[in-house]
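Since the structure comes first, as structure tokens, the remarks are kept for the end.
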Amino acid sequence: MSRNASVRVDKLEDLAGDLAGKYRSTANERVAAVDPDLVDADLAALNRDGYLILERLISAEACSEITAAIDPLLGSCGRNSFEGQRTQRVYNLLTKTRTCDVIAEHPRVLAILDRLLLPNYLLSQLQAINIEPGEAAQLLHFDDAMYPIPRPRPALSVTTIWAINDFTADNGATVVLPRSNSWGGGRRPTDDDERLSVAMPAGSVVVFLGTTWHSGGANSSEDRRLGITSQYCEPWLRQIEALALSTPPDTVRTVSENIRRMLGYSVYPPFVGMVDGMHPKRILETTE
């Protein structure tokens with residue numbers, strides 16, 4: 001907050017640009033280059049159906065690089081049926097590989113988020129999910145369920161799941177319940193509800209609202225299903241992964257300005273996210 005005692009503040013909104021004054025967000029040219037009409041169409045489909053499939057946004061070469069980086073990190077399977085008893089997960093990917101940065105800040109996705117969430121929205125989780133043959137279907141759920149705000153309401157978070165190898169109906173492709181984003185709080189999935197298995201080629205992504213019911217699919221094939229999930233939330237919410245704590249300053253200095261901001265090195269006006277009364281970027285300056 002401002003150290004200038006001579007500045008009169010009559011309402012909190014007067015402080016909106018105080019901490020952010022020195023550290024203004026810089027426009028991302030790649031995001032700005034996304035056709036606004038394309039973003040309009042993406043948002044219309046996402047708000048209508050609760051999900052959106054975008055095919056082949058990253059190259060086969062990028063998928064191969066991600067696979068090569070993730071495979072050595074894969075360990076034991078999940079601790080419960082929700083994590084998956086035949087599913088391997090790698091959390092906190094930003095500290096372990098730079099190959100997934102292209103996913104966390106893909107311009108087509110960020111262009112959607114810039115319209116859907118408040119400025120300085122946060123990266124809530126970046127995780128690899130490897131579903132092995134024999135895995136059962138995951139519990140149906142919606143990712144906003146952890147935030148105790150009654151439905152129906154706008155989504156507080158957005159999830160993306162990227163196919164690093166082909167997603168099929170047999171190998172555990174994500175299952176979404178179309179239009180379930182508009183359900184009220186008492187509504188639960190039934191056998192009569194439409195279920196869509198998100199089959200898509202490697203390099204594609206399914207984007208869905210935090211209010212959309214979904215699950216990991218059962219893997220009845222002989223092949224694995226490797227995906228990366230990158231999740232985002234409103235800037236005034238707590239993240240799923242405490243990324244500002246788990247990401248060392250040296251890594252924060254290495255990533256792009258987009259990712260740095262989404263880690264929490266930003267302020268939700270007037271001062272949510274400050275450190276010792278100052279903008280959190282000061283930490284990078286004082287510890288360098």
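Ligands are numbered from 1 in the order shown, chains are lettered A, B, ... in the order of the structure tokens, and residues start at 1 in each chain.
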Per residue of stretch 113-203 of chain A within 9 Å of stretch 88-109 of chain A, which atom pair is closest and at what distance in Å (one decimal), using only C-alpha atoms, listed by chain and increasing number, as a Markdown table?
```
| residue | atom | partner | partner_atom | distance |
| --- | --- | --- | --- | --- |
| A:Leu113 | CA | A:Val109 | CA | 6.3 |
| A:Asp114 | CA | A:Val109 | CA | 8.7 |
| A:Leu123 | CA | A:Ala104 | CA | 7.9 |
| A:Gln125 | CA | A:Asn92 | CA | 7.3 |
| A:Leu126 | CA | A:Leu93 | CA | 5.9 |
| A:Gln127 | CA | A:Tyr91 | CA | 4.7 |
| A:Ala128 | CA | A:Val90 | CA | 5.0 |
| A:Ile129 | CA | A:Arg89 | CA | 4.7 |
| A:Asn130 | CA | A:Gln88 | CA | 5.0 |
| A:Ile131 | CA | A:Gln88 | CA | 6.6 |
| A:Glu132 | CA | A:Gln88 | CA | 7.8 |
| A:Thr160 | CA | A:Val109 | CA | 8.5 |
| A:Trp162 | CA | A:Ile103 | CA | 7.8 |
```
DSSP helix (DSSP H, G or I) residues within stretch 104-220 of chain A, listed as a PyMOL selection string:
chain A and resi 104+107-116+143-146+180-182
Write to file, as an mmCIF file, in the first residue's frame, the residues of the selection just made, with N, CA and C atoms.
```
data_model
loop_
_atom_site.group_PDB
_atom_site.id
_atom_site.type_symbol
_atom_site.label_atom_id
_atom_site.label_comp_id
_atom_site.auth_asym_id
_atom_site.auth_seq_id
_atom_site.Cartn_x
_atom_site.Cartn_y
_atom_site.Cartn_z
ATOM 1 N N ALA A 104 0.779 -24.063 -20.325
ATOM 2 C CA ALA A 104 0.283 -23.142 -19.292
ATOM 3 C C ALA A 104 -0.058 -21.770 -19.845
ATOM 4 N N PRO A 107 -1.519 -19.080 -26.193
ATOM 5 C CA PRO A 107 -2.250 -17.837 -26.458
ATOM 6 C C PRO A 107 -3.738 -18.033 -26.740
ATOM 7 N N ARG A 108 -4.107 -19.140 -27.381
ATOM 8 C CA ARG A 108 -5.530 -19.357 -27.671
ATOM 9 C C ARG A 108 -6.316 -19.538 -26.374
ATOM 10 N N VAL A 109 -5.712 -20.212 -25.404
ATOM 11 C CA VAL A 109 -6.372 -20.416 -24.113
ATOM 12 C C VAL A 109 -6.379 -19.122 -23.299
ATOM 13 N N LEU A 110 -5.229 -18.442 -23.263
ATOM 14 C CA LEU A 110 -5.178 -17.203 -22.481
ATOM 15 C C LEU A 110 -6.126 -16.149 -23.033
ATOM 16 N N ALA A 111 -6.341 -16.151 -24.336
ATOM 17 C CA ALA A 111 -7.284 -15.197 -24.921
ATOM 18 C C ALA A 111 -8.692 -15.438 -24.386
ATOM 19 N N ILE A 112 -9.029 -16.705 -24.165
ATOM 20 C CA ILE A 112 -10.326 -17.043 -23.562
ATOM 21 C C ILE A 112 -10.359 -16.609 -22.099
ATOM 22 N N LEU A 113 -9.293 -16.932 -21.370
ATOM 23 C CA LEU A 113 -9.252 -16.600 -19.943
ATOM 24 C C LEU A 113 -9.289 -15.101 -19.713
ATOM 25 N N ASP A 114 -8.656 -14.339 -20.594
ATOM 26 C CA ASP A 114 -8.654 -12.879 -20.452
ATOM 27 C C ASP A 114 -10.065 -12.305 -20.502
ATOM 28 N N ARG A 115 -10.966 -13.003 -21.159
ATOM 29 C CA ARG A 115 -12.349 -12.555 -21.249
ATOM 30 C C ARG A 115 -13.208 -13.139 -20.130
ATOM 31 N N LEU A 116 -12.844 -14.317 -19.673
ATOM 32 C CA LEU A 116 -13.706 -15.075 -18.767
ATOM 33 C C LEU A 116 -13.423 -14.780 -17.300
ATOM 34 N N ASP A 143 -14.862 -29.033 -10.848
ATOM 35 C CA ASP A 143 -13.662 -28.544 -10.171
ATOM 36 C C ASP A 143 -13.918 -27.371 -9.239
ATOM 37 N N ASP A 144 -15.002 -26.643 -9.436
ATOM 38 C CA ASP A 144 -15.347 -25.530 -8.540
ATOM 39 C C ASP A 144 -15.971 -25.999 -7.233
ATOM 40 N N ALA A 145 -16.163 -27.312 -7.064
ATOM 41 C CA ALA A 145 -16.866 -27.826 -5.885
ATOM 42 C C ALA A 145 -16.137 -27.486 -4.596
ATOM 43 N N MET A 146 -14.838 -27.255 -4.671
ATOM 44 C CA MET A 146 -14.068 -26.951 -3.462
ATOM 45 C C MET A 146 -14.356 -25.548 -2.931
ATOM 46 N N SER A 180 -23.850 -29.175 -18.237
ATOM 47 C CA SER A 180 -23.986 -29.341 -16.785
ATOM 48 C C SER A 180 -23.459 -28.134 -16.024
ATOM 49 N N ASN A 181 -22.769 -27.227 -16.713
ATOM 50 C CA ASN A 181 -22.277 -26.006 -16.076
ATOM 51 C C ASN A 181 -23.412 -25.132 -15.548
ATOM 52 N N SER A 182 -24.622 -25.312 -16.099
ATOM 53 C CA SER A 182 -25.753 -24.464 -15.685
ATOM 54 C C SER A 182 -26.613 -25.109 -14.599
#
```
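Distances to A:Asp166 were evaluated for A:Pro201, A:Pro150, A:Pro189, A:Gly134 using only C-alpha atoms, and the minimum falls at A:Pro201.
Here atom CA of A:Asp250 and atom CA of A:Leu226 stand 28.4 Å from one another.
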Could you give me, as a PyMOL selection string, the residues within 10 Å of A:Gly186, counting only C-alpha atoms and dropping anything in the same chain fewer than 3 positions from it?
chain A and resi 150-152+183
Restricting the calculation to only C-alpha atoms: of A:Leu245, A:Leu263, A:Val207, A:Ala136, which residue gets closest to A:Leu43?
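The answer is A:Val207, which sits nearest to A:Leu43.
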List every residue of stretch 72-288 of chain A that DSSP, applied to the backbone, labels as strand (DSSP E), and write the result as number ranges by chain.
A: 87-90, 122-131, 157-163, 175-176, 196-197, 205-209, 214-215, 225-233
Using the selection just defined, write its residues with N, CA and C atoms as a tab-separated table (two decimals), in the first residue's frame.
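again_6.tsv was written with the following content:
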```tsv
chain	number	residue	atom	x	y	z
A	87	THR	N	-3.40	-44.88	-12.05
A	87	THR	CA	-3.10	-43.58	-12.65
A	87	THR	C	-1.91	-42.94	-11.95
A	88	GLN	N	-0.94	-42.52	-12.75
A	88	GLN	CA	0.24	-41.84	-12.21
A	88	GLN	C	0.07	-40.33	-12.40
A	89	ARG	N	0.43	-39.58	-11.39
A	89	ARG	CA	0.31	-38.12	-11.45
A	89	ARG	C	1.64	-37.47	-11.08
A	90	VAL	N	1.95	-36.39	-11.76
A	90	VAL	CA	3.13	-35.58	-11.44
A	90	VAL	C	2.64	-34.16	-11.18
A	122	LEU	N	-5.12	-16.56	-11.73
A	122	LEU	CA	-3.99	-17.37	-11.27
A	122	LEU	C	-3.95	-18.74	-11.91
A	123	LEU	N	-2.76	-19.26	-12.07
A	123	LEU	CA	-2.58	-20.67	-12.40
A	123	LEU	C	-2.82	-21.45	-11.12
A	124	SER	N	-3.79	-22.35	-11.14
A	124	SER	CA	-4.16	-23.06	-9.94
A	124	SER	C	-3.47	-24.42	-9.83
A	125	GLN	N	-3.17	-25.02	-10.98
A	125	GLN	CA	-2.53	-26.32	-10.96
A	125	GLN	C	-1.96	-26.63	-12.35
A	126	LEU	N	-0.79	-27.27	-12.37
A	126	LEU	CA	-0.20	-27.77	-13.61
A	126	LEU	C	0.30	-29.18	-13.30
A	127	GLN	N	-0.37	-30.19	-13.88
A	127	GLN	CA	-0.18	-31.57	-13.45
A	127	GLN	C	-0.23	-32.52	-14.63
A	128	ALA	N	0.61	-33.54	-14.60
A	128	ALA	CA	0.55	-34.62	-15.59
A	128	ALA	C	-0.30	-35.75	-15.04
A	129	ILE	N	-1.13	-36.35	-15.90
A	129	ILE	CA	-2.00	-37.46	-15.51
A	129	ILE	C	-1.82	-38.57	-16.54
A	130	ASN	N	-1.27	-39.69	-16.08
A	130	ASN	CA	-1.02	-40.83	-16.96
A	130	ASN	C	-1.93	-41.98	-16.55
A	131	ILE	N	-2.98	-42.23	-17.35
A	131	ILE	CA	-3.96	-43.28	-17.06
A	131	ILE	C	-3.52	-44.57	-17.73
A	157	SER	N	-13.39	-20.95	-11.91
A	157	SER	CA	-12.14	-21.51	-12.42
A	157	SER	C	-12.38	-22.09	-13.81
A	158	VAL	N	-11.29	-22.35	-14.50
A	158	VAL	CA	-11.33	-22.96	-15.83
A	158	VAL	C	-10.27	-24.05	-15.87
A	159	THR	N	-10.62	-25.20	-16.42
A	159	THR	CA	-9.70	-26.32	-16.52
A	159	THR	C	-9.40	-26.61	-17.99
A	160	THR	N	-8.15	-26.93	-18.28
A	160	THR	CA	-7.78	-27.43	-19.60
A	160	THR	C	-7.11	-28.78	-19.41
A	161	ILE	N	-7.43	-29.72	-20.29
A	161	ILE	CA	-6.76	-31.02	-20.31
A	161	ILE	C	-6.22	-31.24	-21.72
A	162	TRP	N	-4.90	-31.37	-21.81
A	162	TRP	CA	-4.22	-31.48	-23.09
A	162	TRP	C	-3.88	-32.94	-23.38
A	163	ALA	N	-4.18	-33.38	-24.59
A	163	ALA	CA	-3.85	-34.74	-25.02
A	163	ALA	C	-2.40	-34.77	-25.50
A	175	VAL	N	-14.33	-37.50	-19.79
A	175	VAL	CA	-15.77	-37.55	-20.04
A	175	VAL	C	-16.39	-36.27	-19.49
A	176	VAL	N	-17.15	-35.56	-20.31
A	176	VAL	CA	-17.84	-34.35	-19.85
A	176	VAL	C	-19.34	-34.55	-19.99
A	196	LEU	N	-20.25	-37.30	-22.82
A	196	LEU	CA	-19.45	-37.21	-24.03
A	196	LEU	C	-18.01	-37.59	-23.72
A	197	SER	N	-17.49	-38.59	-24.40
A	197	SER	CA	-16.08	-38.97	-24.27
A	197	SER	C	-15.27	-38.08	-25.22
A	205	VAL	N	-6.71	-29.91	-27.01
A	205	VAL	CA	-7.07	-29.57	-25.63
A	205	VAL	C	-8.58	-29.48	-25.50
A	206	VAL	N	-9.09	-29.95	-24.37
A	206	VAL	CA	-10.48	-29.68	-24.00
A	206	VAL	C	-10.45	-28.64	-22.88
A	207	VAL	N	-11.22	-27.59	-23.07
A	207	VAL	CA	-11.35	-26.51	-22.09
A	207	VAL	C	-12.74	-26.63	-21.49
A	208	PHE	N	-12.84	-26.63	-20.16
A	208	PHE	CA	-14.18	-26.64	-19.58
A	208	PHE	C	-14.24	-25.76	-18.34
A	209	LEU	N	-15.43	-25.29	-18.08
A	209	LEU	CA	-15.67	-24.40	-16.94
A	209	LEU	C	-15.58	-25.17	-15.64
A	214	HIS	N	-17.56	-33.63	-14.92
A	214	HIS	CA	-16.68	-34.40	-15.79
A	214	HIS	C	-15.98	-35.48	-14.97
A	215	SER	N	-15.19	-36.30	-15.65
A	215	SER	CA	-14.36	-37.29	-14.96
A	215	SER	C	-13.32	-37.82	-15.93
A	225	ARG	N	-2.99	-43.30	-21.45
A	225	ARG	CA	-3.50	-42.00	-21.85
A	225	ARG	C	-2.76	-40.94	-21.06
A	226	LEU	N	-1.86	-40.21	-21.71
A	226	LEU	CA	-1.06	-39.18	-21.05
A	226	LEU	C	-1.65	-37.81	-21.35
A	227	GLY	N	-1.99	-37.10	-20.30
A	227	GLY	CA	-2.53	-35.76	-20.45
A	227	GLY	C	-1.86	-34.80	-19.48
A	228	ILE	N	-1.93	-33.52	-19.81
A	228	ILE	CA	-1.47	-32.46	-18.91
A	228	ILE	C	-2.68	-31.58	-18.61
A	229	THR	N	-2.95	-31.36	-17.34
A	229	THR	CA	-4.04	-30.46	-16.97
A	229	THR	C	-3.46	-29.16	-16.42
A	230	SER	N	-3.90	-28.07	-16.99
A	230	SER	CA	-3.52	-26.73	-16.54
A	230	SER	C	-4.81	-26.04	-16.12
A	231	GLN	N	-4.89	-25.65	-14.84
A	231	GLN	CA	-6.12	-25.09	-14.31
A	231	GLN	C	-5.87	-23.66	-13.82
A	232	TYR	N	-6.90	-22.84	-13.91
A	232	TYR	CA	-6.79	-21.41	-13.61
A	232	TYR	C	-7.97	-21.00	-12.74
A	233	CYS	N	-7.76	-19.98	-11.91
A	233	CYS	CA	-8.85	-19.52	-11.04
A	233	CYS	C	-8.83	-18.01	-10.91
```
Leaving out A:Trp213 and any residue of its chain fewer than 2 positions from it, which residues lie within 6 Å of it when counting only C-alpha atoms, given as a PyMOL selection string?
chain A and resi 141-142+177+180
Under the rule that only C-alpha atoms are counted, which of A:Val198, A:Cys77, A:Ile70, A:Val9 is the nearest residue to A:Ala173?
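For A:Ala173, the nearest of the given residues is A:Val198.
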Go through A:Glu29, A:Asp10, A:Asp49, A:Phe167 one by one, measure the shortest atom-to-atom distance of each to A:Glu257 using only C-alpha atoms, and give the residue with the smallest value.
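Distance minimum relative to A:Glu257 lands on A:Glu29.
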Could you check how far atom CA of A:Glu83 sits from atom CA of A:Asn219, in Å to one decimal?
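Computing it gives 14.1 Å between the two atoms.
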Find the residue from A:Thr174, A:Ser204, A:Thr212, A:Gln138 that sits nearest to A:Arg187; use only C-alpha atoms when measuring.
A:Thr212
